[in-house]
file my_file18.txt (compact mmCIF, C-alpha atoms and all ligand atoms)
# COMPACT_ATOMS: atom_id res chain seq x y z
CA MET I 1 -69.97 -21.76 -18.03
CA GLU I 2 -71.25 -20.97 -14.56
CA GLN I 3 -69.46 -22.84 -11.82
CA ILE I 4 -71.32 -24.90 -9.24
CA ASP I 5 -71.78 -23.07 -5.93
CA LEU I 6 -70.44 -25.72 -3.51
CA LYS I 7 -71.90 -24.23 -0.35
CA SER I 8 -75.44 -24.42 -1.69
CA LEU I 9 -75.26 -28.19 -2.24
CA THR I 10 -76.67 -30.72 0.22
CA LEU I 11 -74.26 -33.37 1.50
CA GLU I 12 -75.84 -35.95 -0.82
CA GLU I 13 -75.50 -33.66 -3.84
CA LEU I 14 -71.89 -32.89 -2.94
CA GLN I 15 -71.13 -36.61 -2.73
CA GLU I 16 -72.77 -37.23 -6.07
CA GLU I 17 -70.89 -34.36 -7.69
CA LEU I 18 -67.45 -35.37 -6.42
CA VAL I 19 -67.97 -39.04 -7.25
CA ARG I 20 -69.09 -38.02 -10.76
CA ARG I 21 -65.77 -36.21 -11.11
CA GLY I 22 -63.82 -39.25 -10.00
CA GLU I 23 -63.21 -38.30 -6.36
CA LYS I 24 -63.81 -40.44 -3.29
CA ALA I 25 -67.16 -40.01 -1.53
CA PHE I 26 -65.59 -39.43 1.90
CA ARG I 27 -63.96 -36.25 0.56
CA ALA I 28 -67.44 -34.78 0.29
CA GLU I 29 -68.05 -35.25 3.98
CA GLN I 30 -64.72 -33.63 4.85
CA LEU I 31 -65.40 -30.72 2.55
CA TYR I 32 -68.94 -30.33 3.89
CA GLN I 33 -67.61 -30.17 7.43
CA TRP I 34 -65.06 -27.50 6.50
CA MET I 35 -67.74 -25.40 4.85
CA HIS I 36 -70.65 -25.79 7.23
CA GLU I 37 -69.21 -26.69 10.61
CA LYS I 38 -65.71 -25.21 10.73
CA LEU I 39 -66.85 -22.29 8.58
CA ALA I 40 -63.65 -22.12 6.52
CA GLU I 41 -63.17 -18.89 4.63
CA ASP I 42 -61.28 -20.53 1.78
CA PHE I 43 -59.86 -23.83 0.58
CA SER I 44 -56.40 -23.11 1.99
CA GLU I 45 -57.76 -23.62 5.53
CA MET I 46 -58.85 -27.17 4.74
CA THR I 47 -55.62 -28.73 5.88
CA ASN I 48 -56.71 -32.39 5.94
CA LEU I 49 -57.51 -32.27 2.23
CA PRO I 50 -54.65 -32.94 -0.22
CA LYS I 51 -53.23 -29.74 -1.70
CA ALA I 52 -53.82 -30.89 -5.27
CA PHE I 53 -57.47 -31.58 -4.47
CA ARG I 54 -57.88 -28.13 -2.93
CA GLU I 55 -56.31 -26.51 -5.97
CA TRP I 56 -58.58 -28.49 -8.25
CA LEU I 57 -61.63 -27.38 -6.24
CA GLU I 58 -60.47 -23.79 -6.49
CA THR I 59 -60.35 -23.84 -10.29
CA GLU I 60 -63.46 -25.94 -10.86
CA TYR I 61 -66.00 -24.62 -8.37
CA GLU I 62 -67.37 -21.48 -6.82
CA TYR I 63 -66.74 -21.03 -3.09
CA VAL I 64 -69.05 -18.29 -1.84
CA THR I 65 -67.91 -16.13 1.06
CA LEU I 66 -69.16 -12.72 2.10
CA GLU I 67 -66.86 -9.81 2.73
CA ILE I 68 -67.53 -7.66 5.77
CA VAL I 69 -67.84 -4.03 4.64
CA GLU I 70 -68.76 -2.53 7.98
CA VAL I 71 -69.76 -3.58 11.48
CA ARG I 72 -71.62 -1.23 13.79
CA ARG I 73 -71.97 -2.10 17.42
CA SER I 74 -74.70 -0.56 19.54
CA LYS I 75 -73.58 0.98 22.81
CA LEU I 76 -77.13 0.54 24.11
CA ASP I 77 -77.63 -3.22 23.87
CA GLY I 78 -74.62 -4.85 22.17
CA THR I 79 -76.56 -5.38 18.92
CA CYS I 80 -74.22 -5.54 15.91
CA LYS I 81 -75.22 -4.59 12.44
CA TYR I 82 -73.18 -6.12 9.60
CA LEU I 83 -72.94 -4.82 6.09
CA PHE I 84 -71.70 -7.53 3.69
CA ARG I 85 -70.53 -7.48 0.10
CA LEU I 86 -71.71 -10.37 -2.08
CA PRO I 87 -69.48 -11.93 -4.76
CA ASP I 88 -71.19 -9.81 -7.46
CA GLY I 89 -70.69 -6.55 -5.54
CA HIS I 90 -74.20 -6.04 -4.10
CA VAL I 91 -74.38 -5.21 -0.42
CA ILE I 92 -76.78 -6.68 2.13
CA GLU I 93 -77.22 -6.32 5.86
CA SER I 94 -77.67 -8.67 8.79
CA VAL I 95 -78.05 -8.10 12.51
CA LEU I 96 -76.66 -9.94 15.54
CA MET I 97 -78.87 -9.52 18.59
CA ARG I 98 -77.81 -10.66 22.03
CA TYR I 99 -80.58 -12.00 24.23
CA HIS I 100 -80.55 -13.83 27.57
CA HIS I 101 -81.51 -17.02 25.79
CA GLY I 102 -78.66 -16.77 23.27
CA ASN I 103 -77.53 -15.01 20.15
CA SER I 104 -79.95 -14.43 17.35
CA VAL I 105 -79.07 -13.41 13.81
CA CYS I 106 -81.52 -11.66 11.53
CA ILE I 107 -80.66 -12.35 7.89
CA SER I 108 -81.65 -10.94 4.52
CA SER I 109 -83.21 -13.30 1.98
CA GLN I 110 -83.06 -11.06 -1.11
CA VAL I 111 -81.12 -8.06 -2.38
CA GLY I 112 -83.90 -5.49 -2.07
CA CYS I 113 -87.56 -6.50 -2.09
CA ARG I 114 -90.48 -6.20 -4.48
CA MET I 115 -93.32 -6.38 -1.97
CA GLY I 116 -93.57 -2.61 -1.57
CA CYS I 117 -94.81 -2.37 2.04
CA ARG I 118 -95.38 1.33 2.58
CA PHE I 119 -93.47 1.70 5.85
CA CYS I 120 -90.44 -0.39 4.91
CA ALA I 121 -87.01 0.92 3.88
CA SER I 122 -86.10 -2.31 2.05
CA ALA I 123 -88.90 -1.85 -0.45
CA ILE I 124 -87.76 1.53 -1.71
CA GLY I 125 -85.26 0.45 -4.36
CA GLY I 126 -87.22 -2.63 -5.49
CA LEU I 127 -85.80 -6.13 -5.96
CA GLU I 128 -82.28 -6.63 -7.34
CA ARG I 129 -82.06 -10.40 -7.05
CA ASN I 130 -82.65 -13.44 -4.86
CA LEU I 131 -79.99 -14.61 -2.44
CA ARG I 132 -78.61 -18.10 -2.94
CA PRO I 133 -78.62 -20.58 -0.02
CA SER I 134 -74.85 -20.09 0.37
CA GLU I 135 -75.33 -16.32 0.65
CA MET I 136 -77.97 -16.72 3.34
CA LEU I 137 -75.79 -19.20 5.28
CA GLU I 138 -72.70 -17.02 4.96
CA GLN I 139 -74.38 -14.15 6.83
CA ILE I 140 -74.57 -16.44 9.86
CA TYR I 141 -71.18 -18.09 9.30
CA ARG I 142 -69.29 -14.78 9.06
CA ILE I 143 -71.09 -13.31 12.06
CA GLN I 144 -70.29 -16.36 14.16
CA THR I 145 -66.63 -16.25 13.07
CA ASP I 146 -66.30 -12.49 13.49
CA SER I 147 -67.99 -12.32 16.91
CA GLY I 148 -66.48 -15.57 18.17
CA GLU I 149 -69.87 -16.38 19.69
CA ARG I 150 -72.24 -19.20 18.88
CA VAL I 151 -75.43 -18.31 17.04
CA SER I 152 -78.41 -20.28 18.35
CA ASN I 153 -81.37 -18.56 16.70
CA VAL I 154 -81.95 -17.38 13.17
CA VAL I 155 -84.76 -15.13 12.02
CA VAL I 156 -85.37 -14.56 8.32
CA MET I 157 -86.69 -11.06 8.90
CA GLY I 158 -84.13 -8.86 7.21
CA THR I 159 -84.41 -7.41 3.72
CA GLY I 160 -86.48 -9.41 1.27
CA GLU I 161 -89.53 -11.64 1.23
CA PRO I 162 -88.38 -15.20 2.00
CA LEU I 163 -91.38 -16.88 0.37
CA ASP I 164 -90.64 -14.95 -2.84
CA ASN I 165 -87.35 -16.92 -2.89
CA TYR I 166 -88.93 -20.19 -1.86
CA ASP I 167 -86.62 -22.94 -3.13
CA ASN I 168 -83.46 -21.21 -1.94
CA LEU I 169 -85.07 -20.55 1.44
CA VAL I 170 -86.04 -24.17 2.08
CA ARG I 171 -82.63 -25.42 0.94
CA PHE I 172 -81.00 -22.85 3.24
CA ILE I 173 -83.05 -24.06 6.22
CA ARG I 174 -82.13 -27.69 5.57
CA LEU I 175 -78.41 -26.83 5.35
CA LEU I 176 -78.53 -24.60 8.43
CA THR I 177 -80.21 -27.24 10.56
CA HIS I 178 -78.22 -30.22 9.18
CA GLU I 179 -76.51 -32.29 11.86
CA LYS I 180 -73.20 -32.10 10.03
CA GLY I 181 -73.37 -28.32 9.74
CA LEU I 182 -74.14 -25.67 12.36
CA ASN I 183 -76.94 -27.98 13.48
CA ILE I 184 -79.20 -25.17 14.63
CA SER I 185 -82.49 -26.51 15.91
CA GLN I 186 -85.39 -26.01 13.48
CA ARG I 187 -87.40 -24.73 16.43
CA ASN I 188 -84.96 -21.84 16.65
CA VAL I 189 -85.56 -20.71 13.08
CA THR I 190 -88.28 -18.18 12.28
CA VAL I 191 -89.42 -17.20 8.80
CA SER I 192 -91.37 -14.00 8.47
CA THR I 193 -93.67 -13.40 5.51
CA CYS I 194 -95.85 -10.57 4.31
CA GLY I 195 -98.44 -13.22 3.41
CA ILE I 196 -97.77 -15.08 0.16
CA VAL I 197 -100.47 -17.72 0.41
CA PRO I 198 -99.13 -20.41 -1.97
CA GLY I 199 -95.76 -20.16 -0.19
CA ILE I 200 -97.37 -20.65 3.23
CA GLU I 201 -99.27 -23.66 1.89
CA ARG I 202 -96.13 -25.23 0.42
CA LEU I 203 -94.13 -24.56 3.58
CA SER I 204 -96.69 -26.40 5.68
CA GLU I 205 -95.92 -29.56 3.66
CA GLU I 206 -92.13 -29.44 4.09
CA ASN I 207 -92.07 -31.21 7.44
CA LEU I 208 -90.04 -28.45 9.05
CA ALA I 209 -90.42 -27.52 12.73
CA ILE I 210 -89.75 -23.84 12.15
CA THR I 211 -91.82 -20.90 13.38
CA LEU I 212 -93.84 -18.96 10.85
CA ALA I 213 -94.40 -15.27 11.49
CA LEU I 214 -97.05 -13.39 9.55
CA SER I 215 -96.62 -9.66 9.11
CA LEU I 216 -100.22 -8.72 9.70
CA HIS I 217 -100.04 -5.01 10.58
CA ALA I 218 -103.77 -4.41 10.06
CA VAL I 219 -106.93 -6.22 11.06
CA THR I 220 -109.16 -5.36 8.14
CA GLN I 221 -108.57 -6.02 4.45
CA GLU I 222 -109.21 -2.36 3.79
CA LYS I 223 -106.50 -1.10 6.13
CA ARG I 224 -104.06 -3.86 5.27
CA ARG I 225 -104.26 -2.98 1.59
CA GLU I 226 -103.23 0.56 2.36
CA LEU I 227 -100.05 -0.56 4.12
CA MET I 228 -99.18 -3.69 2.16
CA PRO I 229 -99.76 -4.00 -1.60
CA ILE I 230 -99.49 -7.82 -1.33
CA ALA I 231 -102.96 -7.75 0.28
CA ASN I 232 -104.39 -6.92 -3.16
CA ARG I 233 -103.15 -10.28 -4.36
CA TYR I 234 -103.91 -12.38 -1.26
CA GLY I 235 -106.73 -11.02 0.85
CA LEU I 236 -106.77 -11.02 4.64
CA GLU I 237 -109.23 -13.90 4.94
CA GLU I 238 -107.22 -16.07 2.59
CA VAL I 239 -103.96 -15.39 4.47
CA LEU I 240 -105.54 -16.16 7.83
CA ARG I 241 -106.98 -19.39 6.49
CA ALA I 242 -103.55 -20.44 5.17
CA CYS I 243 -102.00 -19.64 8.58
CA GLY I 244 -104.68 -21.63 10.38
CA ASP I 245 -103.94 -24.61 8.11
CA TYR I 246 -100.22 -24.15 8.77
CA PHE I 247 -100.82 -24.40 12.51
CA ARG I 248 -103.06 -27.46 12.15
CA LYS I 249 -100.62 -29.28 9.86
CA THR I 250 -97.38 -28.50 11.67
CA GLY I 251 -98.53 -28.02 15.27
CA ARG I 252 -96.24 -25.00 15.38
CA ARG I 253 -97.53 -21.83 17.02
CA LEU I 254 -97.59 -18.81 14.79
CA THR I 255 -96.41 -15.32 15.48
CA LEU I 256 -98.32 -12.29 14.27
CA GLU I 257 -96.19 -9.23 13.72
CA TYR I 258 -97.89 -5.92 14.10
CA SER I 259 -96.08 -2.64 13.47
CA LEU I 260 -97.88 0.09 15.36
CA VAL I 261 -98.39 3.18 13.24
CA ALA I 262 -99.91 6.28 14.87
CA GLY I 263 -103.45 6.90 13.72
CA ALA I 264 -103.40 4.01 11.25
CA ASN I 265 -103.77 0.78 13.25
CA ASP I 266 -103.43 1.67 16.95
CA SER I 267 -107.04 2.11 18.17
CA THR I 268 -108.75 0.12 20.93
CA GLU I 269 -110.97 -1.35 18.27
CA ASP I 270 -107.86 -2.53 16.35
CA ALA I 271 -106.51 -4.16 19.51
CA ARG I 272 -109.75 -6.03 20.14
CA GLU I 273 -109.95 -7.28 16.60
CA LEU I 274 -106.27 -8.31 16.68
CA ALA I 275 -106.90 -10.24 19.91
CA LYS I 276 -109.76 -12.06 18.21
CA LEU I 277 -107.63 -13.07 15.22
CA ALA I 278 -104.68 -14.11 17.40
CA GLY I 279 -107.02 -16.17 19.58
CA LEU I 280 -108.45 -18.00 16.59
CA LEU I 281 -104.95 -18.78 15.29
CA HIS I 282 -103.43 -19.59 18.72
CA ALA I 283 -100.80 -17.02 17.82
CA HIS I 284 -98.39 -14.94 19.81
CA VAL I 285 -98.31 -11.22 18.96
CA ASN I 286 -95.14 -9.19 18.43
CA LEU I 287 -95.79 -5.48 18.59
CA ILE I 288 -93.21 -3.31 16.86
CA PRO I 289 -93.67 0.45 17.15
CA VAL I 290 -92.96 1.50 13.57
CA ASN I 291 -89.35 2.49 12.99
CA PRO I 292 -89.18 5.88 11.35
CA VAL I 293 -87.66 5.58 7.87
CA THR I 294 -86.13 8.73 6.39
CA GLU I 295 -88.06 8.41 3.13
CA ARG I 296 -91.40 7.63 4.80
CA ASP I 297 -93.61 9.70 7.05
CA PHE I 298 -95.08 7.02 9.31
CA VAL I 299 -94.90 7.84 13.00
CA ARG I 300 -95.05 5.57 16.01
CA PRO I 301 -97.85 6.05 18.52
CA ARG I 302 -97.16 7.74 21.87
CA GLU I 303 -95.93 5.49 24.70
CA LYS I 304 -99.28 5.55 26.47
CA ILE I 305 -101.11 4.37 23.37
CA ILE I 306 -98.57 1.59 22.83
CA ASP I 307 -98.92 0.41 26.45
CA ASN I 308 -102.69 0.48 26.27
CA PHE I 309 -102.69 -1.46 23.04
CA LYS I 310 -100.59 -4.18 24.65
CA LYS I 311 -102.77 -4.22 27.77
CA ASN I 312 -105.89 -4.53 25.66
CA LEU I 313 -104.44 -7.63 24.00
CA GLU I 314 -103.42 -9.14 27.32
CA ASN I 315 -106.83 -8.47 28.83
CA CYS I 316 -108.24 -10.63 26.05
CA GLY I 317 -105.81 -13.43 27.03
CA ILE I 318 -103.33 -12.86 24.21
CA ASN I 319 -99.59 -13.17 24.73
CA ALA I 320 -97.97 -10.04 23.38
CA THR I 321 -94.35 -8.94 23.31
CA LEU I 322 -93.39 -5.36 22.74
CA ARG I 323 -90.32 -5.38 20.55
CA ARG I 324 -88.21 -2.48 21.58
CA GLU I 325 -86.12 -1.40 18.71
CA MET I 326 -82.67 -2.90 19.15
CA GLY I 327 -79.59 -1.00 18.08
CA ARG I 328 -81.44 2.29 17.72
CA ASP I 329 -78.12 4.11 17.62
CA ILE I 330 -76.82 2.08 14.64
CA ASP I 331 -79.63 2.26 12.10
CA GLY I 332 -81.19 -0.86 13.60
CA ALA I 333 -84.35 -0.73 11.50
CA CYS I 334 -84.60 -2.95 8.45
CA GLY I 335 -82.72 -1.91 5.37
CA GLN I 336 -81.57 1.45 6.63
CA LEU I 337 -77.84 0.84 6.88
CA ARG I 338 -77.78 -0.61 3.38
CA ARG I 339 -79.68 2.37 1.99
CA LYS I 340 -77.36 4.82 3.65
CA TYR I 341 -74.36 2.94 2.30
CA MET I 342 -75.83 3.00 -1.20
CA LYS I 343 -76.44 6.71 -0.97
CA ARG I 344 -72.92 7.36 0.28
CA SER I 345 -71.35 5.34 -2.47
CA GLY I 346 -73.70 6.68 -5.14
CA LYS I 347 -75.12 3.24 -5.95
CA GLY I 348 -78.63 4.32 -6.83
CA GLY I 349 -79.81 4.78 -3.27
CA ASP I 350 -81.56 8.06 -3.88
CA GLU I 351 -83.53 7.54 -7.01
CA CYS I 352 -86.83 8.02 -5.19
N1 LIG Q 401 -90.78 -9.76 3.99
C1 LIG Q 401 -90.91 -10.35 5.29
C2 LIG Q 401 -89.68 -10.23 6.15
C3 LIG Q 401 -88.92 -8.96 6.18
S1 LIG Q 401 -89.54 -7.58 7.07
C4 LIG Q 401 -92.13 -9.84 5.99
O1 LIG Q 401 -92.81 -8.98 5.44
O2 LIG Q 401 -92.46 -10.33 7.07
C5 LIG Q 401 -89.51 -8.02 8.77
C6 LIG Q 401 -90.60 -7.34 9.60
O3 LIG Q 401 -90.30 -5.94 9.81
C7 LIG Q 401 -91.95 -7.38 8.93
O4 LIG Q 401 -92.94 -7.63 9.89
C8 LIG Q 401 -92.07 -5.96 8.39
O5 LIG Q 401 -93.38 -5.63 8.10
C9 LIG Q 401 -91.44 -5.17 9.51
N2 LIG Q 401 -91.02 -3.82 9.16
C10 LIG Q 401 -90.52 -3.35 7.99
N3 LIG Q 401 -90.26 -2.04 8.06
C11 LIG Q 401 -90.58 -1.65 9.29
C12 LIG Q 401 -90.55 -0.40 9.98
N4 LIG Q 401 -90.12 0.71 9.38
N5 LIG Q 401 -90.97 -0.39 11.26
C13 LIG Q 401 -91.41 -1.51 11.87
N6 LIG Q 401 -91.47 -2.71 11.29
C14 LIG Q 401 -91.07 -2.78 10.00
call {"tool": "encode", "arguments": {"input": "my_file18.txt", "output": "structure tokens"}}
result
Amino acid sequence: MEQIDLKSLTLEELQEELVRRGEKAFRAEQLYQWMHEKLAEDFSEMTNLPKAFREWLETEYEYVTLEIVEVRRSKLDGTCKYLFRLPDGHVIESVLMRYHHGNSVCISSQVGCRMGCRFCASAIGGLERNLRPSEMLEQIYRIQTDSGERVSNVVVMGTGEPLDNYDNLVRFIRLLTHEKGLNISQRNVTVSTCGIVPGIERLSEENLAITLALSLHAVTQEKRRELMPIANRYGLEEVLRACGDYFRKTGRRLTLEYSLVAGANDSTEDARELAKLAGLLHAHVNLIPVNPVTERDFVRPREKIIDNFKKNLENCGINATLRREMGRDIDGACGQLRRKYMKRSGKGGDEC
């Protein structure tokens, strides 16, 4: 029988579970604190719990921790890329980025991805499986322990489509922002989606103060479909309407992500249209010059074109940030370190 994954339980569920098994309710709070605040790597660290209780936990339950396979540190900007091994042997990657305003961790939400965006390295091998809440939390917990630095921001922008793993995602956010855990402010959590409309609608009802980022990448349905197959399922108009509703319901400003691809979406006309859409949604725009992916032939526009694109947005009154690729020297772009690892170790990384 599958064991219960303790780190994915809410405090209330943990209390219920332990009481059901004849333990005292206060033990749940102690255990919760060891897992989510002190970030214990195993039961043996939990010194204020009786030894017999710890041994019983060990045999009865699953305690998920991630193993660090590799850490690469960028000499350019201090960005660290982590490659982790999950309990079942799959590997995933996460990134620690150091900003003036604090440390930000970019986590994966799935092993692989089934959304198939044309420019994305994560999409190449398809979806292996969803990550559990504990496996999403552990990426942050291990990075905080390994670096010895507090993580204040979390972006769900690594491998995977978070809204394709909806229940685990929402549970993860509640655990991450729980006052008896790391207690990260919901305002400092960003979830990025390729545009799964029912997921956006559900998320707007969760009463969460997180930031929603929409990966837009194109301003017409026609062009978007060419880059992102999900647009065949949920058209541009429908996605924009769902985002508008999200803003109205939650009062949270949206972010539009826009990967600039030379000759595909970088014209003056594109910039004007993007400014119009961002204005209607009261959204901030993040411009990301497309990261070259070995298996793909998308190229980023020349510097001058990128600068002009940004200026065109600003001239229309739109706030735009140009996201310089962080950790360029350490395979900073999404999914690339994992793919290289899989190729090296012959784990099906080069089937395409
Ligand atoms: N599935 C989610 C989150 C993961 S991808 C989403 O689609 O938003 C995080 C962001 O990186 C998305 O905006 C995605 O479109 C973008 N991205 C993926 N590959 C990229 C590349 N090669 N260059 C630039 N941006 C890329």
call {"tool": "residues_near_ligand", "arguments": {"input": "my_file18.txt", "ligand": "ligand LIG 401 (chain Q)", "cutoff": "6 Å", "atoms": "only C-alpha atoms and all ligand atoms", "output": "ChimeraX atom specification"}}
result
/I:119-120,157-161,192-194,215,257,259,288,290-293,334
call {"tool": "write_last_selection", "arguments": {"input": "my_file18.txt", "atoms": "C-alpha atoms", "output": "compact mmCIF listing (two decimals), in the frame of the given file"}}
result
# COMPACT_ATOMS: atom_id res chain seq x y z
CA PHE I 119 -93.47 1.70 5.85
CA CYS I 120 -90.44 -0.39 4.91
CA MET I 157 -86.69 -11.06 8.90
CA GLY I 158 -84.13 -8.86 7.21
CA THR I 159 -84.41 -7.41 3.72
CA GLY I 160 -86.48 -9.41 1.27
CA GLU I 161 -89.53 -11.64 1.23
CA SER I 192 -91.37 -14.00 8.47
CA THR I 193 -93.67 -13.40 5.51
CA CYS I 194 -95.85 -10.57 4.31
CA SER I 215 -96.62 -9.66 9.11
CA GLU I 257 -96.19 -9.23 13.72
CA SER I 259 -96.08 -2.64 13.47
CA ILE I 288 -93.21 -3.31 16.86
CA VAL I 290 -92.96 1.50 13.57
CA ASN I 291 -89.35 2.49 12.99
CA PRO I 292 -89.18 5.88 11.35
CA VAL I 293 -87.66 5.58 7.87
CA CYS I 334 -84.60 -2.95 8.45
call {"tool": "atom_distance", "arguments": {"input": "my_file18.txt", "atom1": "CA of Ala231 (chain I)", "atom2": "CA of Glu273 (chain I)"}}
result
17.8 Å
call {"tool": "closest_residue", "arguments": {"input": "my_file18.txt", "among": "I:Ala218, I:Ile196, I:Leu57, I:Leu131", "to": "Val111 (chain I)", "atoms": "only C-alpha atoms"}}
result
I:Leu131
call {"tool": "residues_around", "arguments": {"input": "my_file18.txt", "residues": "Ser44 (chain I)", "least_positions_apart": "2", "cutoff": "12 Å", "atoms": "all atoms listed in the file", "output": "list in words"}}
result
Leu31, Trp34, Met35, Ala40, Glu41, Asp42, Met46, Thr47, Asn48, Leu49, Pro50, Lys51, Ala52, Phe53, Arg54, Glu55, Trp56, Leu57, Glu58 and Tyr63 of chain I
call {"tool": "residues_around", "arguments": {"input": "my_file18.txt", "residues": "Val154 (chain I)", "least_positions_apart": "6", "cutoff": "7 Å", "atoms": "only C-alpha atoms", "output": "list in words"}}
result
Ser104, Val105, Cys106, Asn188, Val189 and Thr190 of chain I
call {"tool": "write_last_selection", "arguments": {"input": "my_file18.txt", "atoms": "C-alpha atoms", "output": "mmCIF file, in the coordinates of the input"}}
result
data_model
loop_
_atom_site.group_PDB
_atom_site.id
_atom_site.type_symbol
_atom_site.label_atom_id
_atom_site.label_comp_id
_atom_site.auth_asym_id
_atom_site.auth_seq_id
_atom_site.Cartn_x
_atom_site.Cartn_y
_atom_site.Cartn_z
ATOM 1 C CA SER I 104 -79.950 -14.430 17.350
ATOM 2 C CA VAL I 105 -79.070 -13.410 13.810
ATOM 3 C CA CYS I 106 -81.520 -11.660 11.530
ATOM 4 C CA ASN I 188 -84.960 -21.840 16.650
ATOM 5 C CA VAL I 189 -85.560 -20.710 13.080
ATOM 6 C CA THR I 190 -88.280 -18.180 12.280
#
call {"tool": "atom_distance", "arguments": {"input": "my_file18.txt", "atom1": "CA of Ser134 (chain I)", "atom2": "CA of Lys7 (chain I)"}}
result
5.1 Å
call {"tool": "residues_around", "arguments": {"input": "my_file18.txt", "residues": "Ala283 (chain I)", "least_positions_apart": "6", "cutoff": "9 Å", "atoms": "all atoms listed in the file", "output": "list in words"}}
result
Arg253, Leu254, Thr255, Leu256, Leu277, Ile318 and Asn319 of chain I
call {"tool": "residues_around", "arguments": {"input": "my_file18.txt", "residues": "Ser8 (chain I)", "least_positions_apart": "5", "cutoff": "9 Å", "atoms": "only C-alpha atoms", "output": "list of chain:residue names"}}
result
I:Val64, I:Arg132, I:Pro133, I:Ser134, I:Glu135, I:Leu137, I:Asn168, I:Arg171, I:Phe172, I:Leu175
call {"tool": "closest_residue", "arguments": {"input": "my_file18.txt", "among": "I:Leu96, I:Leu86, I:Val191, I:Ile200", "to": "Arg150 (chain I)", "atoms": "all atoms listed in the file"}}
result
I:Leu96
